[in-house]
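What follows is a single structure, written as structure tokens, with notes after it.
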2 protein chains.
Amino acid sequence: MPNDKITSLDVAKRAGVSQSAVSRVFTKGASASQKTIDKVRKAAKELGYRPNVLARSLITGRSRIIGLVVAYLDNYFYPVALQKLSNALKEEGYHVMVFMASDTTKDIERVVDEMLDYQVDAIVAASVPLSSDLAGRCRDEGIPLVFFNRSQDGDNLTSVTADNFAGGREIARFLAAHRPERIGYIAGFEGASTQRDREAGFLRGLEEAGREVSSRTVGNFCSDGARAAALAMFSAPQHPDAVFVANDHMAFAVMDVLRSDLHLSVPGDVILVSYDDVPPAVWAGYSLTTVRQRTSRMVEETVRVLMNAIETGEAPPVNIKIAGPLIVRGSAPAPLGWTNWAQV
Amino acid sequence: MPNDKITSLDVAKRAGVSQSAVSRVFTKGASASQKTIDKVRKAAKELGYRPNVLARSLITGRSRIIGLVVAYLDNYFYPVALQKLSNALKEEGYHVMVFMASDTTKDIERVVDEMLDYQVDAIVAASVPLSSDLAGRCRDEGIPLVFFNRSQDGDNLTSVTADNFAGGREIARFLAAHRPERIGYIAGFEGASTQRDREAGFLRGLEEAGREVSSRTVGNFCSDGARAAALAMFSAPQHPDAVFVANDHMAFAVMDVLRSDLHLSVPGDVILVSYDDVPPAVWAGYSLTTVRQRTSRMVEETVRVLMNAIETGEAPPVNIKIAGPLIVRGSAPAPLGWTNWAQV
DNA sequence: CCGCAATCTGCATTCGATTGCATTATTCTT
DNA sequence: AAGAATAATGCAATCGAATGCAGATTGCGG
């Protein structure tokens with residue numbers, strides 16, 4: 001079966017129609033008689049013809065490629081999101097091209113260039129900061145841009161995130177209800193909106209409960225940083241007995257430090273709450289009490305926004321926030337009289 | 001700065017040269033005088049021109065897109081590999097397009113079609129079985145195909161995997177040295193070469209030590225399956241006191257069952273070894289003794305094979321096996337007198 | 001300063017589709 | 001059954017770049 005490069009012309013010849021006819025059969029929205037359709041489909045099947053997406057893109061100006069920029073895939077949250085995003089976009093006839101970006105501005109710029117080279121129809125930036133001029137470049141080129149799990153204010157750009165403020169506040173309410181002696185906060189990367197919003201909500205919640213943070217360290221959303229931050233916070237004699245760790249990924253490291261290095265019991269000596277509800281959070285070894293990110297909903301919204309922007313060509317910036325429930329597990333049991341609003 | 005679609009022609013005009021000249025400046029391997037190069041580069045910079053990869057692909061016949069087929073991204077091994085693969089290919093000027101495939105044959109077929117539609121230059125199949133005729137299709141189209149972390153024998157196809165047989169055998173040697181009463185094996189998905197090879201190596205190793213498996217259940221490489229398999233194996237009164245779980249992803253679930261549900265101590269009551277050494281394996285909550293998959297090396301080899309196949313146009317099938325060391329951690333301490341060959 | 005080779009350059013074609021336009025075949029209306 | 005409206009079709013141009021070919025330029029040796 002030597003079928004080197006079957007083109008629409010080959011199919012046309014075999015079906016006894018013009019090349020345009022073949023194209024119309026495979027282009028939805030174009031009209032062709034049933035007779036033609038049948039002949040063409042038959043010939044195409046026999047030859048094993050499938051339209052060349054690249055050639056099509058060239059003339060339609062739509063590549064049906066979505067560029068996804070990610071910095072790390074080692075925080076479980078992102079692979080899960082990627083998987084869902086890829087599946088959801090497949091349904092719409094789009095595909096995801098992955099662009100890893102280190103944190104350097106220079107690198108991100110290169111990545112954006114590469115995406116534009118590929119004529120991506122839209123860009124999803126997952127936890128990667130795009131400078132205003134890069135975002136501007138995209139706008140100029142007419143390429144929709146959605147920030148996933150990060151927002152950038154000031155630039156009025158489109159984003160889809162969890163309702164981090166609300167989540168942080170709920171966590172405060174929850175921890176305060178335990179009436180702990182001292183409350184700690186292990187922060188994520190300071191430049192991230194997730195970090196900022198979670199902390200702001202947390203502080204607000206504590207304030208409402210008449211409490212405050214007695215100890216704060218920074219873990220930068222990475223394991224190493226979290227370990228160091230936990231050591232710093234809990235080596236002190238008067239360490240917190242309740243702590244909010246800004247995401248699950250760090251929480252695992254923090255728990256390891258507490259239990260293995262410092263021989264503190266969780267939740268016996270310290271109760272711990274975090275954010276994301278990634279798959280390992282339910283593993284019995286950790287069993288994290290955490291605020292769930294509703295990844296599926298977030299992806300759904302992302303796709304909706306993208307499709308809309310691509311189809312209408314315009315993209316009034318929106319900031320979509322998706323609230324998620326606090327999932328109570330072993331690392332911090334429900335305090336007496338606790339009502340979980342999310343589940344009411 | 002309204003720069004809607006700058007083409008090589010625009011640059012040509014501005015630089016006062018022909019369109020071909022512009023093309024030559026951006027096509028490596030083409031010749032142009034330094035003077036022309038300078039003029040064109042200058043004009044291009046001023047206009048913000050970058051070649052359209054899609055148009056280029058159309059005429060060169062190379063898209064510089066690599067199709068990656070994956071079934072699950074929830075086993076940590078794959079995101080890590082994806083990240084490395086994407087980075088390594090970027091260096092070579094290629095990019096990864098992700099295609100999620102469920103396990104159904106029908107779906108995989110659709111996915112292969114989609115990849116061909118995009119004119120991918122090569123395909124990497126990560127733990128996804130491609131039927132012989134699908135593989136044949138790829139060969140006919142002249143598209144290199146590499147199986148990553150799976151091999152398919154009989155079809156003489158190219159693959160890059162760990163040396164699973166050797167790893168399994170090493171694990172057997174290690175467990176046997178502990179002189180346990182009973183040895184268990186929790187298998188992965190029976191259709192997978194990784195499962196087959198790891199078990200074969202394990203059995204061979206046990207045989208060499210004059211031991212055998214007393215209990216075997218199947219976990220199918222997934223968490224739920226592993227939990228069920230562990231319950232079945234360890235609820236019996238005379239359960240094993242040493243177990244090899246076919247990969248880390250399952251091992252986490254198995255440890256949870258052992259410790260939390262059955263109140264067995266690991267490594268006190270049961271010693272446990274698994275395979276992969278994914279990032280959570282080092283988390284103190286689990287601290288798995290496991291055989292490392294040398295992902296970086298595997299990716300390196302994959303890229304090498306791919307580039308070679310793409311450039312030469314021919315791809316004599318090879319099966320690359322990369323051995324990895326047994327990493328001894330808490331779930332199974334080193335037995336007395338143990339020499340770790342890998343580290344000698 | 002001439003001739004020949006080597007290097008550049010532009011023209012025109014090509015890759016594989018889509019699509020506006022003009023023409024022809026169908027269907028519908030009454 | 002005739003004419004109008006509609007659907008189907010083919011022609012040819014187009015998308016944005018790469019490249020074979022032929023002619024122009026340059027360089028070099030003598």
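A note on labels: chains of the structure tokens are A, B, ... as shown, every chain counts residues from 1, and ligands are counted from 1 in their shown order.
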Requested in this report: Pick out the chain B residues within 12 Å of chain D. Count only C-alpha atoms (C1' of nucleotides). Give them as JSON, numbers by chain.
Outcome: {"B": [5, 6, 7, 8, 9, 10, 19, 20, 21, 22, 23, 24, 25, 26, 27, 28, 29, 30, 31, 33, 50, 51, 52, 53, 54, 55, 56, 57, 58, 59, 60, 61, 62]}
Go ahead and write the selection's residues with C-alpha atoms as a JSON list (two decimals), in the first residue's frame.
[["chain", "number", "residue", "atom", "x", "y", "z"],
["B", 5, "LYS", "CA", 0.29, 39.65, 9.34],
["B", 6, "ILE", "CA", 3.68, 40.72, 8.15],
["B", 7, "THR", "CA", 4.80, 38.48, 5.34],
["B", 8, "SER", "CA", 8.13, 37.92, 3.73],
["B", 9, "LEU", "CA", 6.91, 40.09, 0.87],
["B", 10, "ASP", "CA", 6.46, 43.07, 3.15],
["B", 19, "GLN", "CA", 10.83, 37.78, -1.56],
["B", 20, "SER", "CA", 13.17, 34.89, -2.26],
["B", 21, "ALA", "CA", 16.01, 36.82, -0.75],
["B", 22, "VAL", "CA", 14.08, 37.25, 2.45],
["B", 23, "SER", "CA", 13.30, 33.58, 2.50],
["B", 24, "ARG", "CA", 16.95, 32.74, 2.01],
["B", 25, "VAL", "CA", 17.99, 34.86, 4.91],
["B", 26, "PHE", "CA", 15.68, 32.94, 7.20],
["B", 27, "THR", "CA", 16.38, 29.54, 5.74],
["B", 28, "LYS", "CA", 19.54, 28.06, 7.07],
["B", 29, "GLY", "CA", 21.54, 26.36, 4.41],
["B", 30, "ALA", "CA", 20.59, 28.95, 1.82],
["B", 31, "SER", "CA", 23.08, 31.48, 0.61],
["B", 33, "SER", "CA", 25.40, 38.02, 0.73],
["B", 50, "ARG", "CA", 8.88, 36.10, 11.75],
["B", 51, "PRO", "CA", 8.48, 33.32, 9.24],
["B", 52, "ASN", "CA", 5.20, 31.46, 9.25],
["B", 53, "VAL", "CA", 6.08, 27.94, 10.30],
["B", 54, "LEU", "CA", 2.94, 26.51, 8.78],
["B", 55, "ALA", "CA", 3.61, 27.94, 5.34],
["B", 56, "ARG", "CA", 7.15, 26.72, 5.54],
["B", 57, "SER", "CA", 5.97, 23.27, 6.54],
["B", 58, "LEU", "CA", 3.70, 23.12, 3.56],
["B", 59, "ILE", "CA", 6.52, 23.37, 1.11],
["B", 60, "THR", "CA", 9.30, 21.66, 3.01],
["B", 61, "GLY", "CA", 7.12, 18.79, 4.02],
["B", 62, "ARG", "CA", 8.36, 19.00, 7.61]]
Query raised in the report: Near chain B, which residues of chain C fall within 9 Å when you count only C-alpha atoms (C1' of nucleotides), and what do they look like as a ChimeraX atom specification?
Result: /C:7-10,14-16
Report task. Taking only C-alpha atoms into account, report as a ChimeraX atom specification which residues of chain A lie within 8 Å of chain B. Result -> /A:1-5,50-55,57-58,72-74,76,79-80,83,86-87,95-100,117-119,140-141,252-253,256,260,283-286
Query raised in the report: Using only C-alpha atoms (C1' of nucleotides), which residues sit within 8 Å of Ile320 (chain A) once same-chain residues fewer than 5 positions away are excluded, as number ranges by chain?
Result: A: 158-161, 301
Query - DSSP strand (DSSP E or B) selection over region 225-314 of chain A, as a PyMOL selection string - result: chain A and resi 242-245+271-276+289-292
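By chain and then residue number, the residues within 9 Å of Leu231 (chain B) are Ala226, Ala236, Val254, Val257, Leu258, Asp261 and Leu262 of chain B, counting only C-alpha atoms (C1' of nucleotides) and disregarding those fewer than 5 positions away in sequence.
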Report task. Apply DSSP to the backbone of this structure and, from region 59-244 of chain A, keep only the residues in alpha helix (DSSP H); write these as a PyMOL selection string. Result -> chain A and resi 59-60+77-91+105-117+132-141+164-177+193-208+223-235
Requested in this report: Would you mind listing what lies within 12 Å of Phe148 (chain A) as a ChimeraX atom specification, with only C-alpha atoms (C1' of nucleotides) counted and same-chain residues fewer than 2 positions away left out?
Outcome: /A:68-70,77-78,81-82,85,123-130,145-146,150-152,157-162,192-194,293,295,297-303,305-306,319-322
For the residues in that selection, give me C-alpha atoms as a short mmCIF file (atom, residue, chain, number, x, y, z; two decimals), in the first residue's frame.
data_model
loop_
_atom_site.label_atom_id
_atom_site.label_comp_id
_atom_site.auth_asym_id
_atom_site.auth_seq_id
_atom_site.Cartn_x
_atom_site.Cartn_y
_atom_site.Cartn_z
CA LEU A 68 -0.09 26.13 26.36
CA VAL A 69 2.71 27.69 28.37
CA VAL A 70 3.64 25.98 31.59
CA PHE A 77 -2.15 20.38 39.56
CA TYR A 78 -0.81 21.13 36.11
CA ALA A 81 -5.30 20.42 34.15
CA LEU A 82 -3.37 19.73 30.97
CA LEU A 85 -7.71 20.83 28.75
CA ILE A 123 -2.64 31.00 24.18
CA VAL A 124 -3.21 29.60 27.62
CA ALA A 125 -0.65 30.74 30.15
CA ALA A 126 -0.68 28.47 33.17
CA SER A 127 1.05 30.16 36.06
CA VAL A 128 3.40 32.01 33.81
CA PRO A 129 3.60 35.76 33.98
CA LEU A 130 3.49 37.54 30.65
CA LEU A 145 -4.80 34.98 25.72
CA VAL A 146 -6.12 33.37 28.86
CA ARG A 150 -3.14 33.23 37.70
CA SER A 151 -4.49 36.64 37.09
CA GLN A 152 -2.66 39.80 36.27
CA LEU A 157 -6.47 40.56 30.77
CA THR A 158 -8.59 37.47 30.77
CA SER A 159 -8.09 34.89 33.47
CA VAL A 160 -9.65 31.82 34.97
CA THR A 161 -8.78 31.08 38.56
CA ALA A 162 -10.14 29.65 41.72
CA ALA A 192 1.84 35.07 42.14
CA SER A 193 -1.74 36.24 42.29
CA THR A 194 -2.74 32.94 43.82
CA GLN A 293 -9.68 23.67 42.99
CA THR A 295 -10.14 21.92 37.76
CA ARG A 297 -14.93 23.67 35.87
CA MET A 298 -11.91 25.86 35.38
CA VAL A 299 -10.98 24.05 32.20
CA GLU A 300 -14.55 24.20 31.01
CA GLU A 301 -14.64 27.94 31.47
CA THR A 302 -11.27 28.34 29.84
CA VAL A 303 -12.41 26.49 26.77
CA VAL A 305 -13.84 31.75 26.83
CA LEU A 306 -11.30 30.66 24.26
CA ASN A 319 -11.86 37.41 35.23
CA ILE A 320 -13.58 34.20 36.07
CA LYS A 321 -13.32 32.97 39.62
CA ILE A 322 -14.48 29.52 40.56
#
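Here CA of Ala230 (chain B) and CA of Leu203 (chain B) stand 19.4 Å from one another.
The two atoms in question, CA of Val243 (chain B) and CA of Leu272 (chain B), are spaced 5.0 Å apart.
Interatomic distance, CA of Val245 (chain A) to CA of Gly184 (chain A): 8.4 Å.
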